[in-house]
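Report on the following structure.
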Amino acid sequence: MPGCDETNGPSSPTSQAGSVRIVFMGSTTRRSDLPPFAGACVNGVGTTHIHPSWRNFAGIPSQPVPPDRYEIAFTDVPVNTRVSFRVNDQNACDENPTGAVTRSVLINDVRLIQNATTLGNGDEPGFAFTITRNGTINQ
């Protein structure tokens with residue numbers, strides 16, 4: 001929908017970069033109860049990964065931390081600029097045909113809500129945030 005990814009006023013872009021740790025709380029083993037229709041999605045997703053907007057939505061593998069989470073850290077997030085990302089996980093293939101995750105995501109220990117649409121195989125659900133100079137995360 002037009003306007004859903006806009007901020008409530010202008011932001012002040014800066015060349016300063018912030019650091020974030022993104023955690024997806026999800027099993028690091030493939031679910032055995034995924035329905036047959038999810039097979040193509042599972043094969044397409046491969047390893048759990050993230051697509052950050054500040055890196056042109058390139059797919060970057062997340063680090064599994066068994067048994068129940070994935071983590072990845074970035075030190076190049078633009079400060080005071082709304083950015084977005086998407087997490088794709090095989091175990092979400094029965095909820096979303098591309099494995100896009102819509103919950104259980106934290107950034108610097110702040111739980112995010114699915115609040116953005118990201119580029120992918122068409123529009124896919126994702127998350128958006130702004131990091132301030134002092135490291136505060138705003139959704």
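By order in the structure tokens, chains are A, B, ...; within a chain, residues start at 1; ligands start at 1, following the order shown.
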Please produce, as a tab-separated table, a per-residue contact table for stretch 33-53 of chain A versus stretch 109-122 of chain A (criterion: any atom at most 12 Å away, only C-alpha atoms considered), showing the nearest atom pair and its distance in Å to one decimal, sorted by chain then residue number.
residue	atom	partner	partner_atom	distance
A:Cys41	CA	A:Asn121	CA	11.3
A:Gly44	CA	A:Asn121	CA	10.8
A:Val45	CA	A:Asn121	CA	11.3
A:Ile50	CA	A:Gly120	CA	11.2
A:His51	CA	A:Thr118	CA	8.6
A:Pro52	CA	A:Thr118	CA	9.0
A:Ser53	CA	A:Thr118	CA	8.0
Grab the residues selected above and save them as a JSON list (two decimals), in the first residue's frame with N, CA and C atoms.
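Output file selection.json is given in full below:
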[["chain", "number", "residue", "atom", "x", "y", "z"],
["A", 41, "CYS", "N", 9.43, -23.86, -1.50],
["A", 41, "CYS", "CA", 9.88, -22.74, -0.67],
["A", 41, "CYS", "C", 11.11, -23.13, 0.13],
["A", 44, "GLY", "N", 14.03, -23.14, -2.03],
["A", 44, "GLY", "CA", 14.37, -21.78, -2.45],
["A", 44, "GLY", "C", 15.02, -20.95, -1.36],
["A", 45, "VAL", "N", 14.58, -21.15, -0.12],
["A", 45, "VAL", "CA", 15.13, -20.37, 0.99],
["A", 45, "VAL", "C", 16.57, -20.79, 1.29],
["A", 50, "ILE", "N", 19.15, -13.02, 5.82],
["A", 50, "ILE", "CA", 18.55, -11.70, 5.95],
["A", 50, "ILE", "C", 18.82, -10.91, 4.67],
["A", 51, "HIS", "N", 17.89, -10.01, 4.35],
["A", 51, "HIS", "CA", 18.02, -9.12, 3.18],
["A", 51, "HIS", "C", 17.90, -7.68, 3.69],
["A", 52, "PRO", "N", 19.01, -6.98, 3.99],
["A", 52, "PRO", "CA", 18.93, -5.61, 4.50],
["A", 52, "PRO", "C", 18.88, -4.56, 3.38],
["A", 53, "SER", "N", 18.03, -3.58, 3.54],
["A", 53, "SER", "CA", 17.88, -2.53, 2.52],
["A", 53, "SER", "C", 19.17, -1.74, 2.33]]
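By chain and then residue number, the residues within 8 Å of A:Asp89 are A:Val45, A:Gly46, A:Thr47, A:Thr48, A:His49, A:Val87, A:Asn91, A:Ala92, A:Cys93, A:Gly99, A:Ala100, A:Val101, counting only C-alpha atoms and disregarding those fewer than 2 positions away in sequence.
Comparing the minimum interatomic distances between A:Thr98 and each of A:Val79, A:Ala128, A:Leu34, A:Ala40, counting only C-alpha atoms, we find that A:Ala40 sits nearest.
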In stretch 38-99 of chain A, what's helix (DSSP H, G or I) per DSSP? Answer as a PyMOL selection string?
-> chain A and resi 38-45+53-55+90-92
Find the spatial neighbours of A:Gln63, counting only C-alpha atoms, within a cut-off of 8 Å - ignore same-chain residues fewer than 3 positions away - and output them as a PyMOL selection string.
-> chain A and resi 70-72
For the residues in the current selection, export all heavy atoms as a tab-separated table (two decimals), in the first residue's frame.
chain	number	residue	atom	x	y	z
A	70	TYR	N	18.94	-17.42	15.48
A	70	TYR	CA	19.93	-17.02	14.49
A	70	TYR	C	20.32	-15.59	14.82
A	70	TYR	O	19.49	-14.80	15.27
A	70	TYR	CB	19.34	-17.05	13.08
A	70	TYR	CG	19.08	-18.44	12.56
A	70	TYR	CD1	17.88	-19.09	12.83
A	70	TYR	CD2	20.03	-19.09	11.78
A	70	TYR	CE1	17.64	-20.36	12.34
A	70	TYR	CE2	19.80	-20.37	11.30
A	70	TYR	CZ	18.60	-21.00	11.58
A	70	TYR	OH	18.37	-22.26	11.10
A	71	GLU	N	21.57	-15.25	14.58
A	71	GLU	CA	22.05	-13.90	14.86
A	71	GLU	C	22.90	-13.40	13.71
A	71	GLU	O	23.53	-14.18	12.99
A	71	GLU	CB	22.92	-13.88	16.13
A	71	GLU	CG	22.19	-14.24	17.39
A	71	GLU	CD	23.08	-14.12	18.63
A	71	GLU	OE1	24.25	-13.70	18.51
A	71	GLU	OE2	22.58	-14.44	19.71
A	72	ILE	N	22.92	-12.08	13.57
A	72	ILE	CA	23.82	-11.42	12.64
A	72	ILE	C	24.03	-9.99	13.14
A	72	ILE	O	23.12	-9.39	13.71
A	72	ILE	CB	23.27	-11.44	11.20
A	72	ILE	CG1	24.32	-10.97	10.21
A	72	ILE	CG2	21.97	-10.68	11.09
A	72	ILE	CD1	23.99	-11.28	8.75
Using only C-alpha atoms, which of A:Ser84, A:Ile107, A:Arg133, A:Asp68 sits nearest A:Ser27?
-> A:Asp68
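Across the structure, atom CA of A:Val23 and atom CA of A:Val65 are spaced 9.8 Å apart.
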Backbone-only DSSP, strand (DSSP E) members of chain A, as a PyMOL selection string | chain A and resi 17-24+49-52+60-61+63-65+69-78+83-88+105-107+110-111+116-120+122-131+137-138
Atom CA of A:Pro125 to atom CA of A:Asp94, distance in Å rounded to a single decimal = 14.4 Å
Just the residues within 12 Å of A:Arg55, please, counting only C-alpha atoms, with nothing from its chain fewer than 5 positions along; format it as a list of chain:residue names.
-> A:Ile50, A:Ile60, A:Phe74, A:Thr75, A:Asp76, A:Val77, A:Pro78, A:Val83, A:Ser84, A:Phe85, A:Arg86
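For the residues A:Ala17, A:Ile131, A:Phe57, A:Arg30, ranking by smallest atom-to-atom distance to A:Val42 using only C-alpha atoms places A:Arg30 first.
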Counting only C-alpha atoms, the option among A:Trp54, A:Pro61, A:Ser104, A:Pro66 closest to A:Phe129 = A:Trp54
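Remark: for A:Gln16, the closest of the candidate residues A:Asn43, A:Thr28, A:Gln139, A:Thr81 is A:Thr81 (distances computed over only C-alpha atoms).
Separating atom CA of A:Thr136 from atom CA of A:Asn56 is a distance of 23.1 Å.
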